[in-house]
Each structure stands twice: as structure tokens, then as C-alpha cells.
Amino acid sequence: MAWSPVLLGVVLLSAFSGPSGAGRLMPKLADRKLCADEECSHPISMAVALQDYVAPDCRFLTIHRGQIVYVFSKLKGRGRLFWGGSVQGDYYGDLAARLGYFPSSIIREDHTLKPGKIDVKTDKWDFYCQ
């Protein structure tokens, strides 16, 4: 099968350019965070969203009122008003979990799974956008 020059150009451009081809580092929200474990891989708690929140950029998580939120980290210092976590789609397994930060004031923690007492330094990957 012969590739047309136009089709080949479109394939190459979409593979190597634009937001899908490379991520970007964003400004850090905080230097430290509290987690349930040293890798921040275990959720601290389950919470419910009290209101909608629209993510202002790719570091943040859009949340809808009533959604279950899994809290994985709580930023400290200048970023202490933000927590990190995930939400699932409308049906468990229907959509991949989305990860990001959100204001702690828009959720209500309902169930503690493991205390968030491990102090962890944030790194550039905590604020990396794909």
C-alpha cells in the first residue's frame, strides 16, 4: 500500500507535535504534602463533592456536586487549601479515573481510609500536565 504525502504528513504531525505529543511542567502549588503512605498511592479518605468545581488548568480536577472523591494527598504550606485526588466516571469502570487538585472546601470527608500523616516532598511530576 502506498502512502500519500498528505496522509503521511498528517500522521507524522499528530504523532510528534502539539499537546498530545508532549507534556509540560506547571508551577508548583506547594513544596510538601501529607499522604497515607510514602508514595501517596493509598487514599486517605473518601469524600463527597458539595458543589461543582471547574478546573482552571490541567493540574486541577473538575468535580461535580455529589461525586465521590478519593483524597490521596493534602498540600501543605502555601498550597494548603488544595488537596489531590481522583473521581471515577458515573459508573465504576465506565471511565478511567481522573487525577488532580481541588479546593478542600468543596468536599466533605465521609470516611477515613488511612490517616494522612506521612510528610512527603512534592516534585515536578506532581504538577506535570499531559
# chains A, B, ... in the order shown; residues from 1 in each chain; ligands from 1
>>> residues_around(residues="A:Ala55", least_positions_apart="2", cutoff="12 Å", atoms="only C-alpha atoms", output="ChimeraX atom specification")
/A:52-53,57-64,98-103
>>> residues_around(residues="A:Tyr70", least_positions_apart="5", cutoff="6 Å", atoms="only C-alpha atoms", output="JSON, numbers by chain")
{"A": [45, 46, 85, 86]}
>>> select_by_dssp(residues="stretch 21-97 of chain A", states="strand (DSSP E)", output="list in words")
Arg24, Leu25, Arg32, Lys33, Leu34, Cys35, Ser45, Met46, Ala47, Val48, Ala49, Ile68, Val69, Tyr70, Val71, Phe72, Ser73, Lys74, Leu75, Phe82, Trp83, Gly84, Gly85, Ser86 and Val87 of chain A
>>> residues_around(residues="stretch 27-41 of chain A", least_positions_apart="2", cutoff="7 Å", atoms="only C-alpha atoms", output="count of residues only")
21
>>> residues_around(residues="A:Arg65", least_positions_apart="4", cutoff="7 Å", atoms="only C-alpha atoms", output="MDAnalysis selection string")
chainID A and resid 49:52
>>> write_last_selection(atoms="C-alpha atoms", output="mmCIF file, in the first residue's frame")
data_model
loop_
_atom_site.group_PDB
_atom_site.id
_atom_site.type_symbol
_atom_site.label_atom_id
_atom_site.label_comp_id
_atom_site.auth_asym_id
_atom_site.auth_seq_id
_atom_site.Cartn_x
_atom_site.Cartn_y
_atom_site.Cartn_z
ATOM 1 C CA ALA A 49 -18.450 16.858 46.480
ATOM 2 C CA LEU A 50 -20.682 19.560 47.964
ATOM 3 C CA GLN A 51 -20.610 21.736 44.847
ATOM 4 C CA ASP A 52 -19.356 21.822 41.270
#
>>> atom_distance(atom1="atom CA of A:Arg24", atom2="atom CA of A:Ile106")
27.1 Å
>>> closest_residue(among="A:Leu113, A:Val54, A:Val87, A:Val48", to="A:Gly66", atoms="only C-alpha atoms")
A:Val48
>>> closest_residue(among="A:Asp123, A:Ile68, A:Met26, A:Ala47", to="A:Ala97", atoms="only C-alpha atoms")
A:Ile68
>>> closest_residue(among="A:Leu81, A:Pro56, A:Val71, A:Trp125", to="A:Thr112", atoms="only C-alpha atoms")
A:Val71
